[in-house]
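For reference, coords16.tsv is printed below; it contains TSV, C-alpha atoms and all ligand atoms.
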```tsv
chain	number	residue	atom	x	y	z
A	1	MET	CA	-6.01	5.53	-7.32
A	2	VAL	CA	-6.82	6.63	-10.82
A	3	VAL	CA	-5.25	9.73	-12.23
A	4	SER	CA	-7.17	11.02	-15.20
A	5	VAL	CA	-5.35	13.43	-17.44
A	6	TYR	CA	-8.03	15.33	-19.20
A	7	GLY	CA	-8.16	18.34	-21.49
A	8	VAL	CA	-5.64	21.11	-21.87
A	9	PHE	CA	-5.11	23.56	-19.08
A	10	THR	CA	-2.58	26.31	-18.79
A	11	PRO	CA	-0.02	25.83	-16.02
A	12	GLY	CA	-1.68	28.58	-13.99
A	13	ASP	CA	-4.90	26.57	-13.80
A	14	TYR	CA	-3.17	23.65	-12.25
A	15	PRO	CA	-4.28	22.93	-8.68
A	16	CYS	CA	-1.70	23.66	-6.04
A	17	SER	CA	0.56	20.61	-5.97
A	18	ASP	CA	1.04	20.45	-2.23
A	19	ARG	CA	-2.64	19.77	-1.72
A	20	ILE	CA	-2.57	16.62	-3.81
A	21	THR	CA	-2.56	13.40	-1.86
A	22	PHE	CA	-2.53	9.78	-2.88
A	23	GLU	CA	-5.96	8.97	-1.55
A	24	ASP	CA	-7.75	12.05	-2.71
A	25	ILE	CA	-6.63	12.40	-6.21
A	26	GLU	CA	-8.95	11.17	-8.85
A	27	SER	CA	-8.77	13.67	-11.57
A	28	LEU	CA	-5.96	15.84	-12.75
A	29	ALA	CA	-6.49	18.17	-15.60
A	30	LEU	CA	-3.29	18.30	-17.62
A	31	TRP	CA	-1.63	16.42	-20.37
A	32	THR	CA	1.60	18.00	-21.46
A	33	ARG	CA	4.83	16.18	-20.75
A	34	GLY	CA	6.08	18.87	-18.37
A	35	HIS	CA	3.03	18.47	-16.26
A	36	LEU	CA	3.15	14.73	-16.44
A	37	ASN	CA	6.55	14.95	-14.84
A	38	LEU	CA	5.09	17.18	-12.19
A	39	ILE	CA	2.24	14.73	-11.55
A	40	GLN	CA	4.73	11.91	-11.40
A	41	ASP	CA	6.88	13.81	-8.90
A	42	VAL	CA	4.01	14.90	-6.72
A	43	LEU	CA	2.47	11.45	-6.59
A	44	ARG	CA	5.83	9.73	-6.63
A	45	LEU	CA	4.54	7.40	-9.31
A	46	ILE	CA	7.21	5.01	-10.42
A	47	ASP	CA	5.54	4.71	-13.78
A	48	LEU	CA	2.80	6.38	-15.72
A	49	SER	CA	0.44	3.45	-15.96
A	50	HIS	CA	-1.95	5.07	-13.49
A	51	ILE	CA	-2.44	7.91	-15.88
A	52	TYR	CA	-5.33	7.92	-18.28
A	53	PHE	CA	-5.20	10.16	-21.29
A	54	ALA	CA	-8.67	11.35	-22.09
A	55	GLY	CA	-9.48	12.34	-25.64
A	56	GLU	CA	-5.80	12.48	-26.59
A	57	ASP	CA	-3.24	9.94	-27.59
A	58	PRO	CA	-0.19	10.05	-25.36
A	59	PRO	CA	3.11	10.99	-26.97
A	60	GLU	CA	4.72	7.98	-28.66
A	61	ASP	CA	7.45	7.38	-26.06
A	62	LEU	CA	5.05	7.51	-23.13
A	63	ARG	CA	2.43	5.29	-24.72
A	64	LEU	CA	3.70	2.07	-23.23
A	65	GLY	CA	3.11	3.19	-19.68
A	66	CYS	CA	-0.15	5.06	-20.15
A	67	ARG	CA	-3.71	4.09	-20.86
A	68	SER	CA	-5.89	6.15	-23.08
A	69	GLU	CA	-9.59	6.57	-23.49
A	70	THR	CA	-11.85	8.79	-25.54
A	71	THR	CA	-13.45	11.84	-23.98
A	72	GLN	CA	-16.79	10.02	-24.07
A	73	GLU	CA	-15.37	6.96	-22.27
A	74	PHE	CA	-13.79	9.22	-19.70
A	75	ARG	CA	-17.09	11.02	-19.00
A	76	GLY	CA	-18.93	7.68	-18.83
A	77	ARG	CA	-16.42	6.32	-16.32
A	78	ARG	CA	-16.62	9.46	-14.19
A	79	LYS	CA	-20.42	9.29	-14.20
A	80	HIS	CA	-20.40	5.60	-13.41
A	81	SER	CA	-17.97	5.96	-10.52
A	82	ALA	CA	-19.85	8.96	-9.13
A	83	GLN	CA	-23.06	6.89	-9.02
A	84	GLY	CA	-21.54	3.75	-7.55
A	85	PRO	CA	-21.50	2.94	-3.85
A	86	GLN	CA	-17.73	3.43	-3.64
A	87	LYS	CA	-16.69	6.79	-4.92
A	88	ARG	CA	-13.46	8.71	-4.64
A	89	GLY	CA	-10.29	6.87	-5.45
A	90	SER	CA	-11.93	3.47	-5.18
A	91	LEU	CA	-11.01	0.76	-7.60
A	92	ARG	CA	-13.89	-1.44	-6.54
A	93	ALA	CA	-16.28	-0.42	-9.29
A	94	GLU	CA	-13.77	-1.66	-11.85
A	95	SER	CA	-13.56	-5.35	-11.10
A	96	THR	CA	-15.32	-6.83	-14.13
A	97	THR	CA	-12.26	-7.08	-16.40
A	98	LEU	CA	-10.14	-10.22	-16.59
A	99	LEU	CA	-6.62	-10.38	-15.30
A	100	SER	CA	-4.11	-10.28	-18.13
A	101	PRO	CA	-2.32	-13.63	-18.76
A	102	LEU	CA	1.03	-12.07	-17.85
A	103	VAL	CA	-0.25	-10.70	-14.55
A	104	ARG	CA	-1.90	-14.02	-13.74
A	105	PHE	CA	1.33	-15.87	-14.51
A	106	ILE	CA	3.39	-13.57	-12.28
A	107	LEU	CA	0.97	-13.88	-9.36
A	108	ARG	CA	0.73	-17.64	-9.60
A	109	GLN	CA	4.47	-18.14	-9.95
A	110	SER	CA	4.92	-15.95	-6.88
A	111	GLY	CA	2.57	-18.22	-4.95
A	112	LEU	CA	-0.23	-15.66	-4.75
A	113	ASP	CA	-3.93	-16.13	-5.38
A	114	SER	CA	-4.62	-14.64	-8.82
A	115	GLY	CA	-8.29	-14.24	-7.93
A	116	ALA	CA	-7.43	-11.99	-5.00
A	117	TYR	CA	-6.71	-8.76	-6.80
A	118	GLN	CA	-8.80	-6.33	-8.76
A	119	PRO	CA	-7.88	-6.95	-12.39
A	120	LYS	CA	-7.93	-3.30	-13.38
A	121	ALA	CA	-5.66	-2.33	-10.53
A	122	LEU	CA	-3.02	-4.78	-11.71
A	123	ASN	CA	-3.60	-4.69	-15.47
A	124	ARG	CA	-2.81	-1.04	-15.49
A	125	ARG	CA	0.65	-1.86	-14.18
A	126	LEU	CA	1.43	-3.91	-17.27
A	127	GLY	CA	3.43	-1.12	-18.87
A	128	ALA	CA	5.69	-0.95	-15.82
A	129	CYS	CA	6.13	-4.69	-15.91
A	130	LEU	CA	7.06	-4.71	-19.59
A	131	ARG	CA	9.62	-2.02	-18.91
A	132	VAL	CA	11.18	-4.08	-16.13
A	133	LEU	CA	11.54	-6.96	-18.57
A	134	ARG	CA	12.52	-4.66	-21.44
A	135	THR	CA	9.98	-6.34	-23.67
A	136	ALA	CA	7.37	-4.79	-25.94
A	137	SER	CA	4.58	-7.35	-25.64
A	138	GLU	CA	3.01	-9.68	-23.11
A	139	GLU	CA	4.00	-12.70	-25.19
A	140	ALA	CA	7.65	-11.65	-25.18
A	141	ALA	CA	7.41	-10.97	-21.44
A	142	LEU	CA	5.99	-14.43	-20.72
A	143	LYS	CA	8.76	-15.98	-22.77
A	144	ALA	CA	11.44	-13.97	-20.94
A	145	LEU	CA	10.01	-14.96	-17.57
A	146	ARG	CA	9.85	-18.64	-18.46
A	147	GLN	CA	13.47	-18.51	-19.60
A	148	ASN	CA	14.65	-16.57	-16.59
A	149	PRO	CA	12.45	-17.05	-13.47
A	150	ALA	CA	14.84	-14.86	-11.48
A	151	LEU	CA	13.09	-11.89	-13.12
A	152	LEU	CA	9.88	-12.77	-11.30
A	153	GLU	CA	10.65	-10.80	-8.16
A	154	ALA	CA	11.18	-7.54	-10.01
A	155	CYS	CA	8.00	-8.14	-12.03
A	156	LEU	CA	5.95	-8.68	-8.89
A	157	GLY	CA	7.41	-5.46	-7.52
A	158	SER	CA	6.26	-3.61	-10.61
A	159	LEU	CA	2.70	-4.95	-10.26
A	160	LEU	CA	2.01	-4.54	-6.57
A	161	ILE	CA	2.04	-1.01	-5.31
A	162	GLY	CA	4.39	-0.72	-2.36
A	163	VAL	CA	4.09	2.96	-1.56
A	164	SER	CA	4.47	3.64	2.14
A	165	ASP	CA	5.76	6.28	4.51
A	166	PHE	CA	6.84	6.70	8.10
A	167	PHE	CA	3.89	7.95	10.17
A	168	ARG	CA	1.71	7.90	7.07
A	169	ASP	CA	-1.49	9.60	8.20
A	170	ALA	CA	-0.12	11.56	11.14
A	171	ALA	CA	-3.47	11.87	12.95
A	172	VAL	CA	-3.80	8.09	13.13
A	173	PHE	CA	-0.28	7.65	14.52
A	174	ASP	CA	-0.96	10.43	16.99
A	175	GLN	CA	-3.97	8.43	18.23
A	176	ILE	CA	-1.87	5.26	18.36
A	177	LYS	CA	0.61	7.10	20.56
A	178	ARG	CA	-1.87	8.86	22.82
A	179	VAL	CA	-4.53	6.16	23.22
A	180	VAL	CA	-3.99	2.78	21.59
A	181	LEU	CA	-0.52	1.77	22.79
A	182	PRO	CA	-0.72	3.32	26.29
A	183	GLN	CA	-3.91	1.28	26.91
A	184	MET	CA	-2.21	-1.88	25.72
A	185	LEU	CA	0.92	-1.27	27.77
A	186	GLN	CA	-1.22	-0.73	30.83
A	187	ASN	CA	-2.79	-4.18	30.40
A	188	ASP	CA	0.27	-6.12	29.38
A	189	ARG	CA	3.95	-5.30	29.11
A	190	THR	CA	4.33	-7.39	25.98
A	191	VAL	CA	2.52	-5.83	23.06
A	192	ARG	CA	2.35	-7.95	19.90
A	193	VAL	CA	2.04	-6.00	16.67
A	194	TYR	CA	1.50	-7.40	13.15
A	195	SER	CA	1.76	-5.32	9.99
A	196	ALA	CA	0.12	-7.26	7.12
A	197	GLY	CA	1.31	-5.95	3.77
A	198	CYS	CA	4.09	-3.98	5.46
A	199	SER	CA	6.01	-3.02	2.30
A	200	ALA	CA	9.53	-1.90	3.33
A	201	GLY	CA	8.53	-1.60	6.98
A	202	HIS	CA	7.77	2.10	7.36
A	203	GLU	CA	4.59	1.63	9.37
A	204	LEU	CA	5.96	-1.07	11.65
A	205	TYR	CA	9.07	1.00	12.37
A	206	SER	CA	6.78	3.96	13.09
A	207	VAL	CA	5.01	1.83	15.73
A	208	ALA	CA	8.41	0.71	17.05
A	209	MET	CA	9.47	4.35	17.52
A	210	ILE	CA	6.27	5.10	19.43
A	211	LEU	CA	6.70	2.01	21.59
A	212	ASP	CA	10.22	3.12	22.35
A	213	GLU	CA	9.00	6.59	23.33
A	214	LEU	CA	6.43	4.98	25.64
A	215	GLY	CA	9.06	2.73	27.19
A	216	GLY	CA	7.41	-0.43	25.82
A	217	LEU	CA	9.65	-1.50	22.97
A	218	GLU	CA	11.98	-3.84	24.86
A	219	ALA	CA	9.23	-6.30	25.80
A	220	SER	CA	7.21	-6.01	22.59
A	221	GLN	CA	7.13	-8.28	19.56
A	222	LEU	CA	6.70	-6.85	16.09
A	223	LEU	CA	6.18	-8.71	12.84
A	224	GLY	CA	6.03	-7.34	9.31
A	225	LEU	CA	4.81	-9.50	6.45
A	226	ASP	CA	4.86	-8.78	2.75
A	227	CYS	CA	4.80	-10.95	-0.35
A	228	ARG	CA	7.57	-8.97	-2.08
A	229	PRO	CA	10.96	-10.37	-1.05
A	230	ASP	CA	12.81	-7.17	-1.97
A	231	ALA	CA	10.53	-5.10	0.28
A	232	ILE	CA	11.15	-7.46	3.19
A	233	GLU	CA	14.87	-7.42	2.54
A	234	GLN	CA	14.84	-3.63	2.78
A	235	ALA	CA	12.72	-3.71	5.93
A	236	ARG	CA	15.10	-6.19	7.53
A	237	SER	CA	18.15	-4.10	6.64
A	238	GLY	CA	16.48	-0.96	8.00
A	239	GLY	CA	18.04	1.05	5.17
A	240	PHE	CA	16.07	3.95	3.71
A	241	SER	CA	16.75	7.01	1.67
A	242	VAL	CA	17.01	10.35	3.51
A	243	SER	CA	14.10	11.55	1.40
A	244	ASP	CA	11.95	8.94	3.21
A	245	LEU	CA	12.47	10.83	6.46
A	246	LYS	CA	10.64	13.98	5.52
A	247	GLY	CA	7.55	13.35	7.67
A	248	ILE	CA	9.46	12.08	10.65
A	249	GLY	CA	10.63	15.23	12.40
A	250	GLU	CA	14.12	16.26	13.41
A	251	HIS	CA	13.95	14.72	16.87
A	252	ARG	CA	13.01	11.21	15.73
A	253	GLN	CA	15.42	11.43	12.84
A	254	GLN	CA	18.31	12.03	15.22
A	255	ARG	CA	17.11	9.55	17.79
A	256	TYR	CA	16.43	6.58	15.52
A	257	PHE	CA	18.50	6.92	12.33
A	258	ARG	CA	22.12	7.00	11.37
A	259	VAL	CA	22.37	9.20	8.30
A	260	GLU	CA	25.23	8.72	5.91
A	261	GLY	CA	25.08	10.78	2.75
A	262	ARG	CA	21.75	9.98	1.13
A	263	CYS	CA	21.18	6.85	3.21
A	264	ALA	CA	19.37	6.64	6.53
A	265	VAL	CA	19.63	3.45	8.54
A	266	ILE	CA	17.37	2.59	11.47
A	267	LEU	CA	19.40	2.00	14.62
A	268	PRO	CA	19.79	-1.66	15.72
A	269	ARG	CA	17.99	-0.89	18.99
A	270	LEU	CA	14.78	-0.33	17.02
A	271	ARG	CA	15.30	-3.36	14.80
A	272	ARG	CA	15.96	-5.84	17.59
A	273	ASN	CA	12.35	-6.74	18.37
A	274	ALA	CA	11.09	-6.71	14.80
A	275	THR	CA	10.96	-9.81	12.63
A	276	TRP	CA	10.20	-9.81	8.94
A	277	HIS	CA	8.59	-12.47	6.87
A	278	VAL	CA	8.04	-12.97	3.15
A	279	GLY	CA	4.56	-14.40	2.79
A	280	ASP	CA	0.95	-14.05	1.81
A	281	PHE	CA	-1.44	-12.62	4.40
A	282	GLY	CA	-4.08	-14.94	2.92
A	283	VAL	CA	-2.04	-17.94	4.10
A	284	PHE	CA	0.19	-16.74	6.93
A	285	LEU	CA	-0.86	-17.65	10.44
A	286	ASP	CA	1.03	-17.02	13.67
A	287	PRO	CA	0.05	-19.35	16.51
A	288	LYS	CA	-0.16	-16.52	19.05
A	289	PRO	CA	-2.82	-13.79	18.83
A	290	TRP	CA	-1.95	-10.14	18.14
A	291	ASP	CA	-2.77	-7.06	20.22
A	292	LEU	CA	-2.52	-4.71	17.29
A	293	ILE	CA	-2.82	-5.41	13.56
A	294	LEU	CA	-2.09	-2.87	10.86
A	295	PHE	CA	-3.75	-3.68	7.55
A	296	ARG	CA	-3.65	-0.44	5.66
A	297	ASN	CA	-3.97	0.56	2.05
A	298	VAL	CA	-3.96	-3.03	0.81
A	299	ALA	CA	-7.63	-4.08	0.83
A	300	ILE	CA	-8.45	-1.40	-1.73
A	301	TYR	CA	-6.52	-3.42	-4.32
A	302	LEU	CA	-8.31	-6.67	-3.49
A	303	GLN	CA	-11.53	-8.14	-4.83
A	304	ALA	CA	-14.29	-7.36	-2.33
A	305	GLU	CA	-14.94	-10.99	-1.47
A	306	TYR	CA	-11.27	-11.77	-0.99
A	307	ALA	CA	-10.76	-8.64	1.13
A	308	ASN	CA	-13.68	-9.78	3.25
A	309	ARG	CA	-11.96	-13.12	3.82
A	310	ILE	CA	-8.74	-11.42	4.84
A	311	TRP	CA	-10.48	-9.12	7.34
A	312	HIS	CA	-12.09	-12.19	8.92
A	313	ARG	CA	-8.76	-13.98	8.93
A	314	LEU	CA	-7.18	-11.05	10.75
A	315	ASP	CA	-10.04	-11.06	13.22
A	316	GLN	CA	-9.25	-14.69	14.06
A	317	GLN	CA	-5.67	-13.69	14.79
A	318	LEU	CA	-6.61	-10.74	16.97
A	319	LYS	CA	-6.94	-10.90	20.76
A	320	PRO	CA	-10.37	-10.04	22.18
A	321	GLY	CA	-10.17	-6.30	22.84
A	322	GLY	CA	-7.32	-6.03	20.30
A	323	MET	CA	-7.13	-3.17	17.82
A	324	VAL	CA	-6.90	-2.93	14.03
A	325	ILE	CA	-5.54	0.03	12.11
A	326	ALA	CA	-7.01	0.34	8.61
A	327	GLY	CA	-6.27	2.79	5.80
A	328	SER	CA	-8.50	5.81	5.30
A	329	ALA	CA	-10.23	4.22	2.28
A	330	ASP	CA	-10.54	0.77	3.89
A	331	ARG	CA	-13.86	-0.47	5.23
A	332	PRO	CA	-13.69	-3.59	7.43
A	333	PRO	CA	-16.88	-5.69	7.13
A	334	GLU	CA	-19.62	-4.76	9.56
A	335	ASP	CA	-20.43	-8.35	10.52
A	336	LEU	CA	-17.12	-8.45	12.44
A	337	ARG	CA	-18.71	-6.10	14.96
A	338	TRP	CA	-15.47	-4.24	15.46
A	339	LYS	CA	-16.10	-0.96	17.23
A	340	ARG	CA	-14.84	2.07	15.35
A	341	GLU	CA	-12.85	3.98	17.97
A	342	SER	CA	-11.90	6.78	15.62
A	343	SER	CA	-11.05	7.26	11.98
A	344	CYS	CA	-9.15	4.13	10.82
A	345	ILE	CA	-8.98	2.59	14.31
A	346	TYR	CA	-11.17	-0.39	15.24
A	347	ARG	CA	-11.48	-2.51	18.37
A	348	LYS	CA	-12.54	-6.14	18.54
A	349	PRO	CA	-15.15	-6.72	21.28
A	350	LEU	CA	-13.82	-8.31	24.47
A	351	THR	CA	-16.67	-10.79	24.60
A	352	VAL	CA	-19.25	-12.09	22.16
A	353	ALA	CA	-21.92	-10.26	24.11
A	354	GLU	CA	-20.17	-6.89	24.17
A	401	LIG	C1	0.34	0.08	-0.74
A	401	LIG	S1	1.39	-0.96	0.20
A	401	LIG	C2	0.86	-0.52	1.81
A	401	LIG	C3	2.00	-0.47	2.78
A	401	LIG	C4	1.62	-0.06	4.19
A	401	LIG	N1	0.66	-0.98	4.75
A	401	LIG	C5	1.07	1.34	4.23
A	401	LIG	O1	-0.14	1.55	4.34
A	401	LIG	O2	1.88	2.28	4.12
A	401	LIG	C6	0.65	-2.58	-0.04
A	401	LIG	C7	1.60	-3.71	0.25
A	401	LIG	O3	0.84	-4.92	0.33
A	401	LIG	C8	1.66	-5.96	-0.19
A	401	LIG	N2	0.81	-7.11	-0.55
A	401	LIG	C9	-0.09	-7.19	-1.56
A	401	LIG	N3	-0.65	-8.41	-1.57
A	401	LIG	C10	-0.11	-9.11	-0.55
A	401	LIG	C11	-0.31	-10.42	-0.05
A	401	LIG	N4	-1.19	-11.26	-0.60
A	401	LIG	N5	0.41	-10.81	1.04
A	401	LIG	C12	1.31	-9.96	1.61
A	401	LIG	N6	1.53	-8.72	1.18
A	401	LIG	C13	0.82	-8.27	0.11
A	401	LIG	C14	2.35	-5.31	-1.37
A	401	LIG	O4	3.52	-5.99	-1.75
A	401	LIG	C15	2.65	-3.92	-0.81
A	401	LIG	O5	3.91	-3.84	-0.25
```
In structure tokens, write the structure found in this file.
Ligand SMILES: C[S@@+](CC[C@H](N)C(=O)[O-])C[C@H]1O[C@@H](n2cnc3c(N)ncnc32)[C@H](O)[C@@H]1O
Amino acid sequence: MVVSVYGVFTPGDYPCSDRITFEDIESLALWTRGHLNLIQDVLRLIDLSHIYFAGEDPPEDLRLGCRSETTQEFRGRRKHSAQGPQKRGSLRAESTTLLSPLVRFILRQSGLDSGAYQPKALNRRLGACLRVLRTASEEAALKALRQNPALLEACLGSLLIGVSDFFRDAAVFDQIKRVVLPQMLQNDRTVRVYSAGCSAGHELYSVAMILDELGGLEASQLLGLDCRPDAIEQARSGGFSVSDLKGIGEHRQQRYFRVEGRCAVILPRLRRNATWHVGDFGVFLDPKPWDLILFRNVAIYLQAEYANRIWHRLDQQLKPGGMVIAGSADRPPEDLRWKRESSCIYRKPLTVAE
């Protein structure tokens, strides 16, 4: 996602905030601080490093987190991205830059492949990373990290975007409930589900709730994997903020969460069959195949070739006839011959000949 802040509009010209979504937004036309706060709220951006200032220098105190470009650069980039094969919201056209030394260091020290990610997607998080370390330059940040490796985890968290939600993309979860899981439960009582890049577990817990509603949770096995230890720790604890429950509906909220003040904790019954693992989906391998794999909103941050490798790796771990749930901007490679069942839902052929 790239948010371009361009030109000066009056507040009345601002597009209605409730129509702005993560995937769709590419250009926002405002630059004043008040509106920046609004953009930040609406998009729930933790930092402002996604925001480009076009033709204006950002105010001094915001400069660290923002990128700026001239009006001409901005128009050139818009034109370029509109002509490219990947358009809206895609970061793929931007992969020619090199990874910053600090970002490369953080990835490598965290055991991740530094060639996996799109440099621009991560470089633009540098401001956030410097703020975590309370340093003003990359050199100072590298020094601080070498002196205190315990800071690594928080730095990785500032680089990799972990935004997630329960039942994110309601239509897809509706299809999972009406078609995908009932079919699987008909064939086999034990459904094995893997969420690769699960963040704090929202999507895997969403599947767990559906399985419970279909009477299939008890026998199922769920695994969430993420490379950020703090995200996995949260997933394992099942502790969320009440504000995370907004898309979940009153019924599920009461059935699956214990709410105390501003905290909402998933009930143990839903956590029992879920296991959580800190790891790299480029390395992780479970010996048993999966019925359902969720790999959503992660590939868009990866280099095309690396993403291709991961899709193939997931295919190897998927049962024949198994299903994959992708994000709305994700495009699994065609040579896998997965059948697109509906938007974001793919099925691996049962046989080579199918
Ligand atoms: C934007 S979140 C997507 C969360 C969830 N799949 C969803 O769609 O709501 C991407 C997640 O992928 C994780 N991630 C990135 N690279 C990874 C890797 N190599 N191995 C495991 N997890 C990774 C990040 O830490 C982050 O939590």
When the cut-off is 7 Å and you count all atoms listed in the file, which residues lie near ligand LIG 401 (chain A), shown as an MDAnalysis selection string? chainID A and resid 112 157 160:165 168 195:200 202:203 225:228 231 279:282 294:298 327
Please list as a ChimeraX atom specification every residue within 6 Å of A:Arg192, counting all atoms listed in the file and excluding residues in the same chain fewer than 3 positions away. /A:220-222,290-291
Sorted per-residue table, stretch 123-172 of chain A near stretch 334-351 of chain A, closest atoms and distance, 10 Å, all atoms listed in the file, as a tab-separated table:
```
residue	atom	partner	partner_atom	distance
A:Asp169	CA	A:Cys344	CA	9.8
A:Ala171	CA	A:Ser343	CA	8.9
A:Val172	CA	A:Cys344	CA	7.0
```
Which residues of stretch 143-170 of chain A come within 12 Å of stretch 249-257 of chain A, and for each one, what is the closest pair of atoms and their distance in Å to one decimal, counting all atoms listed in the file, sorted by chain and residue number, as a tab-separated table?
```
residue	atom	partner	partner_atom	distance
A:Phe166	CA	A:Gly249	CA	10.3
A:Phe167	CA	A:Gly249	CA	10.2
A:Ala170	CA	A:Gly249	CA	11.4
```
Quick one: distance from atom CA of A:Leu181 to atom CA of A:Ala235 in Å, one decimal?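 Taking atom CA of A:Leu181 and atom CA of A:Ala235, their separation equals 22.1 Å.
Rounded to one decimal, atom CA of A:Asp113 and atom CA of A:Leu318 lie 23.1 Å from each other.
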